[in-house]
Every structure is written in structure tokens, then in C-alpha cells.
file structure-v6.pdb (PDB, C-alpha atoms, pLDDT in the B column)
ATOM      1  CA  MET A 222      95.483 -19.072 -33.257  1.00 75.00           C
ATOM      2  CA  MET A 223      92.181 -20.337 -34.631  1.00 76.00           C
ATOM      3  CA  ALA A 224      90.404 -17.435 -32.983  1.00 80.00           C
ATOM      4  CA  HIS A 225      92.714 -15.057 -34.825  1.00 84.00           C
ATOM      5  CA  ILE A 226      92.006 -16.780 -38.153  1.00 86.00           C
ATOM      6  CA  LEU A 227      88.280 -16.527 -37.521  1.00 87.00           C
ATOM      7  CA  LEU A 228      88.570 -12.875 -36.483  1.00 89.00           C
ATOM      8  CA  TRP A 229      90.488 -11.939 -39.621  1.00 91.00           C
ATOM      9  CA  ALA A 230      88.162 -13.954 -41.846  1.00 91.00           C
ATOM     10  CA  ILE A 231      85.128 -12.196 -40.418  1.00 92.00           C
ATOM     11  CA  MET A 232      86.793  -8.803 -40.740  1.00 93.00           C
ATOM     12  CA  LEU A 233      87.642  -9.555 -44.380  1.00 94.00           C
ATOM     13  CA  ALA A 234      84.069 -10.708 -44.984  1.00 93.00           C
ATOM     14  CA  GLN A 235      82.735  -7.488 -43.498  1.00 94.00           C
ATOM     15  CA  VAL A 236      85.025  -5.447 -45.744  1.00 95.00           C
ATOM     16  CA  MET A 237      83.792  -7.425 -48.770  1.00 94.00           C
ATOM     17  CA  ILE A 238      80.161  -6.837 -47.821  1.00 94.00           C
ATOM     18  CA  VAL A 239      80.800  -3.121 -47.365  1.00 95.00           C
ATOM     19  CA  VAL A 240      82.480  -2.976 -50.786  1.00 95.00           C
ATOM     20  CA  ALA A 241      79.422  -4.740 -52.214  1.00 94.00           C
ATOM     21  CA  MET A 242      77.216  -2.085 -50.604  1.00 94.00           C
ATOM     22  CA  ALA A 243      79.433   0.588 -52.173  1.00 94.00           C
ATOM     23  CA  CYS A 244      78.924  -1.025 -55.602  1.00 93.00           C
ATOM     24  CA  TYR A 245      75.170  -1.019 -55.038  1.00 93.00           C
ATOM     25  CA  THR A 246      75.316   2.614 -53.924  1.00 94.00           C
ATOM     26  CA  TYR A 247      77.174   3.586 -57.096  1.00 93.00           C
ATOM     27  CA  ARG A 248      74.547   1.878 -59.242  1.00 91.00           C
ATOM     28  CA  LEU A 249      71.809   3.380 -57.067  1.00 91.00           C
ATOM     29  CA  ILE A 250      73.058   6.890 -57.757  1.00 92.00           C
ATOM     30  CA  ARG A 251      73.960   6.343 -61.392  1.00 88.00           C
ATOM     31  CA  GLY A 252      71.301   3.767 -62.398  1.00 76.00           C
ATOM     32  CA  PRO A 253      69.615   4.922 -65.568  1.00 84.00           C
ATOM     33  CA  ARG A 254      66.062   4.118 -64.537  1.00 84.00           C
ATOM     34  CA  ALA A 255      63.958   3.653 -61.436  1.00 86.00           C
ATOM     35  CA  GLN A 256      63.913  -0.157 -61.627  1.00 87.00           C
ATOM     36  CA  ASP A 257      67.721  -0.238 -61.339  1.00 91.00           C
ATOM     37  CA  ARG A 258      67.469   1.811 -58.183  1.00 91.00           C
ATOM     38  CA  VAL A 259      64.862  -0.498 -56.660  1.00 91.00           C
ATOM     39  CA  LEU A 260      67.022  -3.513 -57.528  1.00 92.00           C
ATOM     40  CA  CYS A 261      70.035  -1.919 -55.826  1.00 92.00           C
ATOM     41  CA  LEU A 262      67.981  -1.051 -52.754  1.00 92.00           C
ATOM     42  CA  ASP A 263      66.962  -4.707 -52.496  1.00 92.00           C
ATOM     43  CA  GLY A 264      70.595  -5.782 -52.808  1.00 92.00           C
ATOM     44  CA  MET A 265      71.629  -3.293 -50.152  1.00 93.00           C
ATOM     45  CA  TYR A 266      69.029  -4.672 -47.771  1.00 93.00           C
ATOM     46  CA  VAL A 267      70.471  -8.168 -48.233  1.00 93.00           C
ATOM     47  CA  CYS A 268      73.999  -6.838 -47.686  1.00 93.00           C
ATOM     48  CA  ALA A 269      72.941  -5.066 -44.491  1.00 94.00           C
ATOM     49  CA  MET A 270      71.394  -8.312 -43.271  1.00 93.00           C
ATOM     50  CA  LEU A 271      74.607 -10.239 -43.991  1.00 93.00           C
ATOM     51  CA  LEU A 272      76.560  -7.534 -42.185  1.00 93.00           C
ATOM     52  CA  ALA A 273      74.330  -7.899 -39.112  1.00 93.00           C
ATOM     53  CA  LEU A 274      74.866 -11.694 -39.185  1.00 92.00           C
ATOM     54  CA  THR A 275      78.656 -11.331 -39.383  1.00 93.00           C
ATOM     55  CA  VAL A 276      78.659  -8.794 -36.541  1.00 93.00           C
ATOM     56  CA  GLY A 277      76.628 -11.325 -34.565  1.00 91.00           C
ATOM     57  CA  ILE A 278      79.243 -14.032 -35.166  1.00 89.00           C
ATOM     58  CA  ARG A 279      82.030 -11.618 -34.277  1.00 88.00           C
ATOM     59  CA  THR A 280      80.581 -10.459 -30.983  1.00 88.00           C
ATOM     60  CA  GLY A 281      79.228 -13.888 -30.097  1.00 83.00           C
ATOM     61  CA  SER A 282      75.771 -12.586 -29.186  1.00 83.00           C
ATOM     62  CA  THR A 283      72.522 -13.821 -30.701  1.00 81.00           C
ATOM     63  CA  PHE A 284      70.764 -10.454 -30.524  1.00 87.00           C
ATOM     64  CA  TYR A 285      71.997  -9.469 -33.956  1.00 89.00           C
ATOM     65  CA  PHE A 286      70.030 -12.377 -35.425  1.00 89.00           C
ATOM     66  CA  GLU A 287      66.760 -10.616 -34.620  1.00 90.00           C
ATOM     67  CA  ALA A 288      68.007  -7.400 -36.199  1.00 91.00           C
ATOM     68  CA  ALA A 289      68.955  -9.360 -39.321  1.00 91.00           C
ATOM     69  CA  LEU A 290      65.518 -10.987 -39.452  1.00 92.00           C
ATOM     70  CA  ILE A 291      63.778  -7.621 -39.149  1.00 93.00           C
ATOM     71  CA  ILE A 292      66.000  -6.152 -41.867  1.00 92.00           C
ATOM     72  CA  ALA A 293      65.125  -9.081 -44.149  1.00 92.00           C
ATOM     73  CA  VAL A 294      61.373  -8.680 -43.575  1.00 92.00           C
ATOM     74  CA  LEU A 295      61.435  -4.906 -44.048  1.00 93.00           C
ATOM     75  CA  GLY A 296      63.554  -5.249 -47.176  1.00 91.00           C
ATOM     76  CA  PHE A 297      61.093  -7.676 -48.723  1.00 92.00           C
ATOM     77  CA  VAL A 298      58.090  -5.490 -47.937  1.00 93.00           C
ATOM     78  CA  SER A 299      59.711  -2.294 -49.180  1.00 93.00           C
ATOM     79  CA  SER A 300      60.976  -3.880 -52.393  1.00 91.00           C
ATOM     80  CA  VAL A 301      57.554  -5.333 -53.171  1.00 91.00           C
ATOM     81  CA  ALA A 302      55.906  -1.983 -52.425  1.00 91.00           C
ATOM     82  CA  LEU A 303      58.348  -0.144 -54.699  1.00 90.00           C
ATOM     83  CA  ALA A 304      57.922  -2.687 -57.512  1.00 89.00           C
ATOM     84  CA  LYS A 305      54.162  -2.382 -57.216  1.00 89.00           C
ATOM     85  CA  PHE A 306      54.472   1.396 -57.280  1.00 90.00           C
ATOM     86  CA  LEU A 307      56.506   1.198 -60.488  1.00 87.00           C
ATOM     87  CA  MET A 308      53.876  -1.062 -62.004  1.00 84.00           C
ATOM     88  CA  ARG A 309      50.686   0.732 -60.987  1.00 81.00           C
ATOM     89  CA  GLY A 310      51.616   4.194 -59.793  1.00 77.00           C
ATOM     90  CA  GLU A 311      50.185   3.457 -56.344  1.00 72.00           C
ATOM     91  CA  VAL A 312      50.902   0.940 -53.618  1.00 71.00           C
ATOM     92  CA  ILE A 313      47.527   0.237 -52.035  1.00 71.00           C
ATOM     93  CA  GLU A 314      44.601   0.123 -54.418  1.00 67.00           C
TER      94      GLU A 314
ATOM     95  CA  MET B  27      85.172 -12.194 -30.218  1.00 50.00           C
ATOM     96  CA  THR B  28      84.334 -13.174 -26.679  1.00 56.00           C
ATOM     97  CA  ASP B  29      84.437 -16.965 -26.393  1.00 62.00           C
ATOM     98  CA  ALA B  30      86.100 -17.886 -29.651  1.00 63.00           C
ATOM     99  CA  GLY B  31      89.236 -19.071 -27.850  1.00 68.00           C
ATOM    100  CA  ASN B  32      87.631 -22.342 -26.791  1.00 73.00           C
ATOM    101  CA  LEU B  33      86.304 -23.092 -30.247  1.00 79.00           C
ATOM    102  CA  PRO B  34      87.742 -26.244 -31.855  1.00 82.00           C
ATOM    103  CA  ALA B  35      89.902 -25.742 -34.914  1.00 83.00           C
ATOM    104  CA  TRP B  36      87.611 -27.421 -37.411  1.00 86.00           C
ATOM    105  CA  ALA B  37      84.659 -25.269 -36.339  1.00 85.00           C
ATOM    106  CA  ALA B  38      86.680 -22.053 -36.581  1.00 87.00           C
ATOM    107  CA  LEU B  39      88.001 -22.958 -40.028  1.00 89.00           C
ATOM    108  CA  LEU B  40      84.568 -24.043 -41.268  1.00 91.00           C
ATOM    109  CA  THR B  41      82.939 -20.856 -39.984  1.00 90.00           C
ATOM    110  CA  ALA B  42      85.660 -18.711 -41.551  1.00 92.00           C
ATOM    111  CA  PHE B  43      85.317 -20.499 -44.889  1.00 93.00           C
ATOM    112  CA  LEU B  44      81.514 -20.240 -44.957  1.00 93.00           C
ATOM    113  CA  VAL B  45      81.440 -16.574 -43.980  1.00 93.00           C
ATOM    114  CA  LEU B  46      84.093 -15.716 -46.555  1.00 94.00           C
ATOM    115  CA  LEU B  47      82.224 -17.704 -49.213  1.00 94.00           C
ATOM    116  CA  GLY B  48      78.987 -15.872 -48.496  1.00 93.00           C
ATOM    117  CA  ALA B  49      80.603 -12.440 -48.477  1.00 94.00           C
ATOM    118  CA  GLY B  50      82.479 -13.215 -51.688  1.00 94.00           C
ATOM    119  CA  LEU B  51      79.266 -14.263 -53.437  1.00 94.00           C
ATOM    120  CA  ALA B  52      77.526 -11.092 -52.267  1.00 93.00           C
ATOM    121  CA  LEU B  53      80.442  -9.041 -53.587  1.00 94.00           C
ATOM    122  CA  ALA B  54      80.342 -10.889 -56.926  1.00 93.00           C
ATOM    123  CA  GLY B  55      76.638 -10.134 -57.231  1.00 92.00           C
ATOM    124  CA  ALA B  56      77.224  -6.463 -56.477  1.00 92.00           C
ATOM    125  CA  ILE B  57      79.992  -6.242 -59.074  1.00 93.00           C
ATOM    126  CA  GLY B  58      77.643  -7.933 -61.523  1.00 91.00           C
ATOM    127  CA  THR B  59      75.142  -5.094 -61.170  1.00 91.00           C
ATOM    128  CA  LEU B  60      77.914  -2.709 -62.173  1.00 90.00           C
ATOM    129  CA  ARG B  61      79.153  -4.658 -65.161  1.00 90.00           C
ATOM    130  CA  PHE B  62      76.023  -5.880 -66.931  1.00 90.00           C
ATOM    131  CA  LYS B  63      74.654  -3.613 -69.622  1.00 86.00           C
ATOM    132  CA  SER B  64      70.864  -3.895 -69.560  1.00 87.00           C
ATOM    133  CA  PHE B  65      68.443  -4.080 -66.658  1.00 87.00           C
ATOM    134  CA  TYR B  66      67.236  -7.556 -67.619  1.00 88.00           C
ATOM    135  CA  GLU B  67      70.784  -8.884 -67.306  1.00 89.00           C
ATOM    136  CA  ARG B  68      71.429  -6.887 -64.169  1.00 89.00           C
ATOM    137  CA  ILE B  69      68.440  -8.331 -62.317  1.00 90.00           C
ATOM    138  CA  HIS B  70      70.130 -11.758 -62.262  1.00 91.00           C
ATOM    139  CA  ALA B  71      73.260 -10.592 -60.470  1.00 90.00           C
ATOM    140  CA  PRO B  72      72.097  -9.942 -56.856  1.00 90.00           C
ATOM    141  CA  THR B  73      70.604 -13.425 -56.648  1.00 91.00           C
ATOM    142  CA  LEU B  74      74.149 -14.710 -56.087  1.00 89.00           C
ATOM    143  CA  GLY B  75      74.136 -12.929 -52.755  1.00 86.00           C
ATOM    144  CA  THR B  76      70.592 -13.867 -51.885  1.00 89.00           C
ATOM    145  CA  SER B  77      70.860 -17.593 -52.612  1.00 89.00           C
ATOM    146  CA  TRP B  78      74.207 -19.049 -51.576  1.00 90.00           C
ATOM    147  CA  GLY B  79      75.545 -15.833 -50.099  1.00 91.00           C
ATOM    148  CA  THR B  80      72.875 -15.744 -47.429  1.00 93.00           C
ATOM    149  CA  ALA B  81      72.841 -19.523 -47.023  1.00 93.00           C
ATOM    150  CA  ALA B  82      76.601 -19.699 -46.484  1.00 93.00           C
ATOM    151  CA  VAL B  83      76.669 -16.904 -43.888  1.00 92.00           C
ATOM    152  CA  ALA B  84      73.673 -18.441 -42.088  1.00 92.00           C
ATOM    153  CA  LEU B  85      75.357 -21.869 -42.117  1.00 92.00           C
ATOM    154  CA  GLY B  86      78.536 -20.324 -40.718  1.00 92.00           C
ATOM    155  CA  SER B  87      76.508 -18.688 -37.951  1.00 91.00           C
ATOM    156  CA  ILE B  88      74.762 -21.999 -37.214  1.00 92.00           C
ATOM    157  CA  VAL B  89      78.089 -23.846 -36.987  1.00 90.00           C
ATOM    158  CA  TYR B  90      79.651 -21.165 -34.779  1.00 90.00           C
ATOM    159  CA  PHE B  91      76.833 -20.856 -32.268  1.00 89.00           C
ATOM    160  CA  SER B  92      76.087 -24.598 -32.207  1.00 89.00           C
ATOM    161  CA  VAL B  93      79.689 -25.547 -31.427  1.00 88.00           C
ATOM    162  CA  LEU B  94      80.130 -22.664 -28.992  1.00 85.00           C
ATOM    163  CA  GLY B  95      76.933 -23.443 -27.067  1.00 82.00           C
ATOM    164  CA  SER B  96      77.344 -27.255 -27.534  1.00 82.00           C
ATOM    165  CA  ARG B  97      73.684 -27.488 -28.515  1.00 83.00           C
ATOM    166  CA  PRO B  98      72.016 -27.064 -31.899  1.00 84.00           C
ATOM    167  CA  VAL B  99      71.213 -23.410 -32.594  1.00 83.00           C
ATOM    168  CA  LEU B 100      69.122 -23.448 -35.723  1.00 84.00           C
ATOM    169  CA  HIS B 101      67.238 -20.162 -35.814  1.00 86.00           C
ATOM    170  CA  GLU B 102      69.394 -18.771 -38.646  1.00 87.00           C
ATOM    171  CA  ILE B 103      67.519 -21.223 -40.865  1.00 90.00           C
ATOM    172  CA  LEU B 104      64.587 -18.779 -40.565  1.00 90.00           C
ATOM    173  CA  ILE B 105      66.539 -16.070 -42.352  1.00 90.00           C
ATOM    174  CA  ALA B 106      67.814 -18.397 -45.077  1.00 90.00           C
ATOM    175  CA  VAL B 107      64.335 -19.825 -45.758  1.00 91.00           C
ATOM    176  CA  PHE B 108      62.718 -16.395 -45.712  1.00 91.00           C
ATOM    177  CA  ILE B 109      65.240 -14.887 -48.129  1.00 91.00           C
ATOM    178  CA  THR B 110      65.009 -17.942 -50.395  1.00 90.00           C
ATOM    179  CA  PHE B 111      61.236 -17.643 -50.613  1.00 91.00           C
ATOM    180  CA  THR B 112      60.929 -13.867 -50.915  1.00 92.00           C
ATOM    181  CA  THR B 113      63.672 -13.029 -53.422  1.00 91.00           C
ATOM    182  CA  PRO B 114      61.961 -14.651 -56.443  1.00 92.00           C
ATOM    183  CA  VAL B 115      58.706 -12.875 -55.554  1.00 92.00           C
ATOM    184  CA  THR B 116      60.402  -9.477 -55.369  1.00 92.00           C
ATOM    185  CA  LEU B 117      62.454  -9.889 -58.510  1.00 92.00           C
ATOM    186  CA  THR B 118      59.550 -11.265 -60.537  1.00 92.00           C
ATOM    187  CA  LEU B 119      57.406  -8.277 -59.559  1.00 91.00           C
ATOM    188  CA  LEU B 120      60.266  -5.915 -60.368  1.00 91.00           C
ATOM    189  CA  ALA B 121      60.925  -7.520 -63.760  1.00 90.00           C
ATOM    190  CA  ARG B 122      57.219  -7.334 -64.619  1.00 89.00           C
ATOM    191  CA  ALA B 123      57.128  -3.671 -63.629  1.00 89.00           C
ATOM    192  CA  ALA B 124      60.212  -2.959 -65.747  1.00 88.00           C
ATOM    193  CA  LEU B 125      58.728  -4.820 -68.715  1.00 88.00           C
ATOM    194  CA  TYR B 126      55.477  -2.897 -68.341  1.00 87.00           C
ATOM    195  CA  ARG B 127      57.316   0.419 -68.217  1.00 86.00           C
ATOM    196  CA  ASP B 128      59.475  -0.431 -71.231  1.00 85.00           C
ATOM    197  CA  ARG B 129      56.445  -1.545 -73.229  1.00 84.00           C
ATOM    198  CA  ALA B 130      54.484   1.544 -72.239  1.00 83.00           C
ATOM    199  CA  GLU B 131      57.265   3.644 -73.711  1.00 80.00           C
ATOM    200  CA  ALA B 132      57.462   1.389 -76.814  1.00 75.00           C
ATOM    201  CA  SER B 133      61.132   0.755 -76.121  1.00 73.00           C
ATOM    202  CA  GLU B 134      63.184  -0.980 -78.816  1.00 75.00           C
ATOM    203  CA  THR B 135      64.949  -3.255 -76.330  1.00 75.00           C
ATOM    204  CA  VAL B 136      61.942  -5.365 -75.343  1.00 76.00           C
ATOM    205  CA  PRO B 137      59.559  -7.249 -77.639  1.00 75.00           C
ATOM    206  CA  GLN B 138      56.112  -5.752 -77.866  1.00 74.00           C
ATOM    207  CA  ARG B 139      53.016  -7.603 -76.692  1.00 70.00           C
ATOM    208  CA  ILE B 140      52.940 -11.284 -77.536  1.00 68.00           C
ATOM    209  CA  VAL B 141      49.470 -12.783 -78.044  1.00 65.00           C
ATOM    210  CA  LEU B 142      49.412 -16.320 -76.698  1.00 69.00           C
ATOM    211  CA  ARG B 143      46.966 -18.950 -77.830  1.00 68.00           C
ATOM    212  CA  SER B 144      45.319 -18.891 -74.416  1.00 68.00           C
ATOM    213  CA  GLN B 145      44.590 -15.187 -74.841  1.00 61.00           C
ATOM    214  CA  ALA B 146      42.951 -15.692 -78.223  1.00 58.00           C
ATOM    215  CA  PRO B 147      39.398 -14.598 -77.185  1.00 57.00           C
ATOM    216  CA  GLU B 148      40.786 -11.263 -76.056  1.00 54.00           C
ATOM    217  CA  ALA B 149      42.595 -10.848 -79.372  1.00 49.00           C
ATOM    218  CA  GLY B 150      39.423 -11.815 -81.226  1.00 49.00           C
ATOM    219  CA  ARG B 151      37.412  -9.256 -79.318  1.00 49.00           C
ATOM    220  CA  ASN B 152      39.941  -6.594 -80.153  1.00 50.00           C
ATOM    221  CA  GLY B 153      39.744  -7.587 -83.789  1.00 46.00           C
ATOM    222  CA  ARG B 154      35.933  -7.370 -83.754  1.00 45.00           C
ATOM    223  CA  ASP B 155      36.079  -3.951 -82.118  1.00 44.00           C
ATOM    224  CA  LYS B 156      38.458  -2.833 -84.791  1.00 44.00           C
ATOM    225  CA  GLY B 157      36.100  -4.225 -87.418  1.00 42.00           C
ATOM    226  CA  THR B 158      33.020  -2.445 -86.114  1.00 41.00           C
ATOM    227  CA  ALA B 159      34.899   0.797 -85.734  1.00 40.00           C
TER     228      ALA B 159
END
call {"tool": "encode", "arguments": {"input": "structure-v6.pdb", "output": "C-alpha cells"}}
result
Amino acid sequence: MMAHILLWAIMLAQVMIVVAMACYTYRLIRGPRAQDRVLCLDGMYVCAMLLALTVGIRTGSTFYFEAALIIAVLGFVSSVALAKFLMRGEVIE
Amino acid sequence: MTDAGNLPAWAALLTAFLVLLGAGLALAGAIGTLRFKSFYERIHAPTLGTSWGTAAVALGSIVYFSVLGSRPVLHEILIAVFITFTTPVTLTLLARAALYRDRAEASETVPQRIVLRSQAPEAGRNGRDKGTA
């Protein structure tokens, strides 16, 4: 019984995270300027990381934790690089 | 859902609540980016998902794996700490870049350059240059 509640809760959470990614995608396509698109890319990275964590809980394996950590690190680096590109016009000076 | 059958009820309910809370906060942040009008309002919205959204999902994962393995599994703290430390850095850089771009275009929505008292020598030098020219 409790396992079913947990399964449905995690499935609902995954649906919510995917809907959040869809919202970010809409703003990413429509966003009036480049900084909106970078902001949405950052949000999508966080959503993908949360999705990997929930898949890890659902399957009961700890391997998804490492994927989530790598997604978090890559998202930080790419967002900083894009923000720096918007500021300066180049990433490495 | 391999071993969830032998999970005690309180742990299953707590994990379900925390995961749902985190996903709901992430969804609220995403909807916020759709609804706010200007970029400077919009940049506040995803922090819902990156602060308590991430922390709640990581806590749920910690509770689930700790109770299931009957030993403390704490490595999800790494993700929560990393996201907590890196999000302000990213968003501050992004807001500065947006402010720079808006000022470079002389946009009406942002105030133009503010001269602080600590930057007075620079302002004085500019004034002298203007005077000599």
C-alpha cells in the first residue's frame, strides 16, 4: 500500500517536473531577449537534475545520483559561460 | 520500485511528501517565468526550484535510501550544497549582463549609470576631461 502511494507520488512529481520543463521551453523559444533564454536554460538544467534524482528514488539505484551531480556541475558552468558571453562578447579572455 | 515494499509507512509518506513538495516548487518557479512581465522580475522565479525544490527532493532521496539501506546515505547533500552555492553566482552574473546590455542600449526600463560616492575620483576625472576638451 505504502509502496503504491510512493510510486504514484513520484510519478506525479515527475509529471510536474516535466510540465515545468515545458514551461521553460516555451519561454526559451518565445523569450524576448537572450538573457531570458539563458535563464530558462539554467532552470531546465535544474529540472533535469531533479528528474534524475526522482528516477533514482523510483528505481532504487544510487547511480542516478552521479548523473544528477554531473548535470548540476555542467549546468553551472554553461550558465556562467553564457552569462559571461552576454556581458563581454567572449568567454575566455 | 524494487525494494519499496519493505519500507516503513512513515518513511514512504515522508519521501512522497518531500518529493512532491520539491516538484511543486520547481513547477511554481517555472510558471513564474511565464507570468512575470520583465526580465528582472523573471530572474527571481527559478530560485524557488533551486532552493527548496532541490533541497526537498534531496532530503526525500536521503530519507528513502537511508531507511532502505538502514544506514545513513548522505551524498545527496553534495547536490543540495552545490546548487545552493552556485545559483546566486549564476544569477548575479546573468543579472549584471542583462543590466549591462540594457544600459548599452539606453533602455527606458533600467536606470542609467549611478555614480556612487566611492566612485567619485572617476567621476571627477571624467569632469576634468570634459573641461579640458
call {"tool": "resolve_selection", "arguments": {"input": "structure-v6.pdb", "expression": "the PyMOL selection byres ((chain B) within 7 of (chain A))", "output": "MDAnalysis selection string"}}
result
chainID B and resid 27:28 30:31 35 38:39 42 45:46 49:50 52:53 56:57 60 65 69 72 76 80 83 87 105 112 116 119:120 123:124 126
call {"tool": "atom_distance", "arguments": {"input": "structure-v6.pdb", "atom1": "CA of Leu125 in chain B", "atom2": "CA of Phe108 in chain B"}}
result
26.1 Å
call {"tool": "atom_distance", "arguments": {"input": "structure-v6.pdb", "atom1": "CA of Asp128 in chain B", "atom2": "CA of Ile250 in chain A"}}
result
20.5 Å
